[in-house]
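Undergrad: Would you mind keeping the following structure in view while I ask a few things?
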Amino acid sequence: VSDPDPRDDQLLTAARAGDARALEQILERHQPQVYRFGMRMCRDPEDAKDVLQDTLLAAARSIRQFRGASSISTWLYTIARSFCIKKRRRNEDGSENAPSVARGTTTEVNKLIDPATLPDEALATKQIDRALDRAISSLEPMYREVLLLRDVEGLTAPEVAEVLGVSASAVKSRLHRARLSLREALAPLLGTPETARGTCPDVLTLFSRHLEDEISADVCAEMEGHLQACGRCRDACDSLKRTLALCRTSAGKTEVPPAVQTSVKNALKSFIGDNA
Ligand SMILES: [Zn+2]
């Protein structure tokens, strides 16, 4: 492959034809997303590193069988997810006597930054980032994976359904719950007053469903009308929008640590070398 920035499909074709460099290149390109997903599903840097390495090796092993019916991202998430599930089972088996508190290692990275040295605005951003991280971590795995794939990684609902092997409607109903619970956790930090009750419609679910094209134009217009008249519901919707925007930008904030990159690179090189 001589193109300096070849497309995924070009690399895939070359990789399937036995081009080791193309194989390495395409797996390297998708490494950050696999690591990010593993990190947030497993909540443990060691596990995330294993998931990344196992996923890329499994993909390298079966690249010839990958027919490209789905995108390479979708395929890699599917593989990564199965390794995350294995990790979870193993950890659950082995931790019967351990405290049932979530193994909170998502704070590892945050510990590197001393809040005292940050200006107010940066500090506020840091606090929101941490709260978002905590809120995502505390979702049940079945809700967490849907939210991560759809709102952090940016897959479409049908793609998420493909990764999980469930219907798109199951994905959407989990997604709405996950989004609302995340919004609720972040609302105090975003300065949102309590959600309106009483005669107000459930604008948050409606808005989330609207984002997934689940509501008719009529219902949508009705919601718009209510939002124009009701400041509390407007604020609530606004906080949901901001929460989702934070999810999306959080994807760009996770980097694969250099040590992990090196270790994965070596594992891939030795696999490809053995099989060239
Ligand atoms: Zn209202």
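By convention here, the chains of the structure tokens are called A, B, ... in the order presented, each chain's residues are numbered starting at 1, and ligands are numbered starting at 1 in the order presented.
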Chain A near ligand 1 within 12 Å: what's each residue's closest atom pair and its distance in Å to one decimal, counting only C-alpha atoms and all ligand atoms, ordered by chain then ascending residue number, as a Markdown table?
TA:
```
| residue | atom | partner | partner_atom_place_in_ligand_line | distance |
| --- | --- | --- | --- | --- |
| A:Glu194 | CA | ligand 1 | 1 (Zn) | 11.4 |
| A:Thr195 | CA | ligand 1 | 1 (Zn) | 8.4 |
| A:Ala196 | CA | ligand 1 | 1 (Zn) | 5.8 |
| A:Arg197 | CA | ligand 1 | 1 (Zn) | 7.4 |
| A:Gly198 | CA | ligand 1 | 1 (Zn) | 8.6 |
| A:Thr199 | CA | ligand 1 | 1 (Zn) | 7.3 |
| A:Cys200 | CA | ligand 1 | 1 (Zn) | 4.3 |
| A:Pro201 | CA | ligand 1 | 1 (Zn) | 6.5 |
| A:Asp202 | CA | ligand 1 | 1 (Zn) | 8.3 |
| A:Val203 | CA | ligand 1 | 1 (Zn) | 7.4 |
| A:Leu204 | CA | ligand 1 | 1 (Zn) | 10.2 |
| A:Glu222 | CA | ligand 1 | 1 (Zn) | 11.6 |
| A:Met223 | CA | ligand 1 | 1 (Zn) | 9.3 |
| A:Glu224 | CA | ligand 1 | 1 (Zn) | 10.6 |
| A:Gly225 | CA | ligand 1 | 1 (Zn) | 10.0 |
| A:His226 | CA | ligand 1 | 1 (Zn) | 6.3 |
| A:Leu227 | CA | ligand 1 | 1 (Zn) | 6.5 |
| A:Gln228 | CA | ligand 1 | 1 (Zn) | 9.1 |
| A:Ala229 | CA | ligand 1 | 1 (Zn) | 7.5 |
| A:Cys230 | CA | ligand 1 | 1 (Zn) | 4.6 |
| A:Gly231 | CA | ligand 1 | 1 (Zn) | 6.8 |
| A:Arg232 | CA | ligand 1 | 1 (Zn) | 5.7 |
| A:Cys233 | CA | ligand 1 | 1 (Zn) | 4.2 |
| A:Arg234 | CA | ligand 1 | 1 (Zn) | 7.3 |
| A:Asp235 | CA | ligand 1 | 1 (Zn) | 9.4 |
| A:Ala236 | CA | ligand 1 | 1 (Zn) | 8.9 |
| A:Cys237 | CA | ligand 1 | 1 (Zn) | 10.0 |
```
Undergrad: Please provide as a PyMOL selection string all residues within 10 Å of A:Leu149, with the sequence filter that same-chain residues fewer than 4 positions apart are discarded (counting only C-alpha atoms).
TA: chain A and resi 33+37+74+77+144-145+153-157+159-161+163-164+175
Undergrad: Go ahead and write the residues just picked, all heavy atoms, as a short mmCIF file (atom, residue, chain, number, x, y, z; two decimals), in the first residue's frame.
TA:
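Ended up saving to selection24.cif:
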```cif
data_model
loop_
_atom_site.label_atom_id
_atom_site.label_comp_id
_atom_site.auth_asym_id
_atom_site.auth_seq_id
_atom_site.Cartn_x
_atom_site.Cartn_y
_atom_site.Cartn_z
N GLN A 33 -9.70 3.23 19.82
CA GLN A 33 -11.12 2.99 20.12
C GLN A 33 -11.32 1.69 20.88
O GLN A 33 -12.16 1.60 21.78
CB GLN A 33 -11.95 3.02 18.83
CG GLN A 33 -11.67 1.85 17.91
CD GLN A 33 -12.34 2.01 16.54
OE1 GLN A 33 -12.12 2.98 15.84
NE2 GLN A 33 -13.15 1.04 16.18
N PHE A 37 -12.77 1.55 24.73
CA PHE A 37 -13.93 0.72 25.05
C PHE A 37 -13.57 -0.28 26.16
O PHE A 37 -14.31 -0.43 27.13
CB PHE A 37 -14.40 0.00 23.78
CG PHE A 37 -15.60 -0.89 23.98
CD1 PHE A 37 -16.84 -0.35 24.28
CD2 PHE A 37 -15.49 -2.27 23.87
CE1 PHE A 37 -17.95 -1.16 24.46
CE2 PHE A 37 -16.59 -3.10 24.04
CZ PHE A 37 -17.82 -2.54 24.35
N THR A 74 -17.05 -1.98 13.81
CA THR A 74 -18.10 -2.82 14.40
C THR A 74 -17.55 -4.20 14.72
O THR A 74 -17.80 -4.76 15.79
CB THR A 74 -19.29 -2.93 13.41
OG1 THR A 74 -19.61 -1.63 12.97
CG2 THR A 74 -20.49 -3.56 14.06
N TYR A 77 -15.19 -3.99 17.78
CA TYR A 77 -15.94 -3.85 19.04
C TYR A 77 -16.58 -5.17 19.44
O TYR A 77 -16.65 -5.50 20.62
CB TYR A 77 -17.04 -2.80 18.90
CG TYR A 77 -16.57 -1.36 18.87
CD1 TYR A 77 -16.92 -0.52 17.81
CD2 TYR A 77 -15.79 -0.84 19.89
CE1 TYR A 77 -16.50 0.81 17.78
CE2 TYR A 77 -15.36 0.48 19.86
CZ TYR A 77 -15.73 1.30 18.80
OH TYR A 77 -15.31 2.61 18.77
N ARG A 144 -24.11 0.29 30.15
CA ARG A 144 -22.85 0.96 29.88
C ARG A 144 -22.38 0.70 28.45
O ARG A 144 -21.97 1.59 27.73
CB ARG A 144 -21.78 0.50 30.89
CG ARG A 144 -20.64 1.47 31.02
CD ARG A 144 -19.52 0.95 31.92
NE ARG A 144 -20.02 0.13 33.01
CZ ARG A 144 -19.36 -0.90 33.50
NH1 ARG A 144 -18.17 -1.23 33.04
NH2 ARG A 144 -19.89 -1.63 34.48
N GLU A 145 -22.46 -0.57 28.03
CA GLU A 145 -21.93 -0.87 26.69
C GLU A 145 -22.74 -0.17 25.60
O GLU A 145 -22.18 0.31 24.62
CB GLU A 145 -21.87 -2.39 26.45
CG GLU A 145 -23.19 -3.11 26.52
CD GLU A 145 -23.02 -4.63 26.43
OE1 GLU A 145 -21.87 -5.12 26.43
OE2 GLU A 145 -24.05 -5.32 26.37
N GLU A 153 -18.59 6.34 21.36
CA GLU A 153 -17.91 5.92 20.14
C GLU A 153 -18.62 6.38 18.86
O GLU A 153 -18.02 6.40 17.79
CB GLU A 153 -17.74 4.40 20.13
CG GLU A 153 -16.94 3.85 21.33
CD GLU A 153 -15.51 4.39 21.38
OE1 GLU A 153 -14.93 4.65 20.31
OE2 GLU A 153 -14.99 4.58 22.50
N GLY A 154 -19.89 6.69 18.98
CA GLY A 154 -20.60 7.25 17.84
C GLY A 154 -21.11 6.25 16.81
O GLY A 154 -21.37 6.62 15.65
N LEU A 155 -21.26 4.99 17.19
CA LEU A 155 -21.89 4.03 16.28
C LEU A 155 -23.37 4.37 16.11
O LEU A 155 -23.96 5.00 16.98
CB LEU A 155 -21.77 2.60 16.85
CG LEU A 155 -20.56 1.76 16.44
CD1 LEU A 155 -19.26 2.44 16.81
CD2 LEU A 155 -20.62 0.38 17.08
N THR A 156 -23.97 3.91 15.02
CA THR A 156 -25.41 4.08 14.88
C THR A 156 -26.09 3.00 15.72
O THR A 156 -25.46 1.99 16.07
CB THR A 156 -25.85 3.88 13.41
OG1 THR A 156 -25.57 2.53 13.03
CG2 THR A 156 -25.11 4.83 12.47
N ALA A 157 -27.38 3.20 16.00
CA ALA A 157 -28.10 2.20 16.79
C ALA A 157 -28.08 0.81 16.10
O ALA A 157 -27.87 -0.20 16.77
CB ALA A 157 -29.52 2.66 17.10
N GLU A 159 -25.77 -0.40 14.23
CA GLU A 159 -24.42 -0.95 14.41
C GLU A 159 -24.23 -1.48 15.84
O GLU A 159 -23.64 -2.54 16.05
CB GLU A 159 -23.36 0.12 14.12
CG GLU A 159 -23.14 0.38 12.64
CD GLU A 159 -22.23 1.59 12.35
OE1 GLU A 159 -22.13 2.50 13.21
OE2 GLU A 159 -21.65 1.62 11.26
N VAL A 160 -24.75 -0.73 16.80
CA VAL A 160 -24.67 -1.19 18.19
C VAL A 160 -25.41 -2.52 18.33
O VAL A 160 -24.92 -3.46 18.96
CB VAL A 160 -25.24 -0.14 19.19
CG1 VAL A 160 -25.18 -0.66 20.61
CG2 VAL A 160 -24.51 1.18 19.07
N ALA A 161 -26.57 -2.59 17.69
CA ALA A 161 -27.37 -3.82 17.74
C ALA A 161 -26.57 -4.99 17.18
O ALA A 161 -26.61 -6.10 17.72
CB ALA A 161 -28.67 -3.63 16.96
N VAL A 163 -23.24 -5.27 17.11
CA VAL A 163 -22.17 -5.63 18.06
C VAL A 163 -22.73 -6.49 19.20
O VAL A 163 -22.14 -7.47 19.61
CB VAL A 163 -21.49 -4.36 18.64
CG1 VAL A 163 -20.51 -4.72 19.75
CG2 VAL A 163 -20.77 -3.60 17.53
N LEU A 164 -23.90 -6.10 19.71
CA LEU A 164 -24.46 -6.78 20.88
C LEU A 164 -25.27 -8.02 20.53
O LEU A 164 -25.59 -8.81 21.41
CB LEU A 164 -25.35 -5.82 21.69
CG LEU A 164 -24.76 -4.49 22.11
CD1 LEU A 164 -25.71 -3.78 23.06
CD2 LEU A 164 -23.41 -4.66 22.77
N LEU A 175 -30.57 2.48 25.79
CA LEU A 175 -29.89 3.75 25.59
C LEU A 175 -30.61 4.89 26.30
O LEU A 175 -29.97 5.71 26.98
CB LEU A 175 -29.82 4.02 24.09
CG LEU A 175 -29.07 5.27 23.63
CD1 LEU A 175 -27.59 5.17 23.97
CD2 LEU A 175 -29.24 5.45 22.12
#
```
Undergrad: Among stretch 47-274 of chain A, which residues carry a DSSP assignment of helix (DSSP H, G or I), reported as a PyMOL selection string?
TA: chain A and resi 47-62+72-94+107-111+115-117+120-137+141-152+157-164+168-186+203-211+217-229+231-253+258-274
Undergrad: Considering only C-alpha atoms, return as a VMD selection string whatever protein or nucleic-acid residues lie within 10 Å of stretch 262-267 of chain A, sequence-local ones (same chain, fewer than 4 positions apart) excluded.
TA: chain A and resid 24 27 to 28 31 49 to 50 52 to 54 56 to 57 256 to 258 271 to 273
Undergrad: Between A:Asn275, A:Gln10, A:Thr254, A:Ser167, which has the minimum distance to A:Pro45 (counting only C-alpha atoms)?
TA: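 That would be A:Thr254, the residue with the smallest distance to A:Pro45.
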Undergrad: Looking at A:Ala58, A:Leu268, A:Ala48, A:Leu190, which one is nearest to A:Thr125, with distances taken over only C-alpha atoms?
TA: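 Using only C-alpha atoms, the shortest distance to A:Thr125 belongs to A:Leu190.
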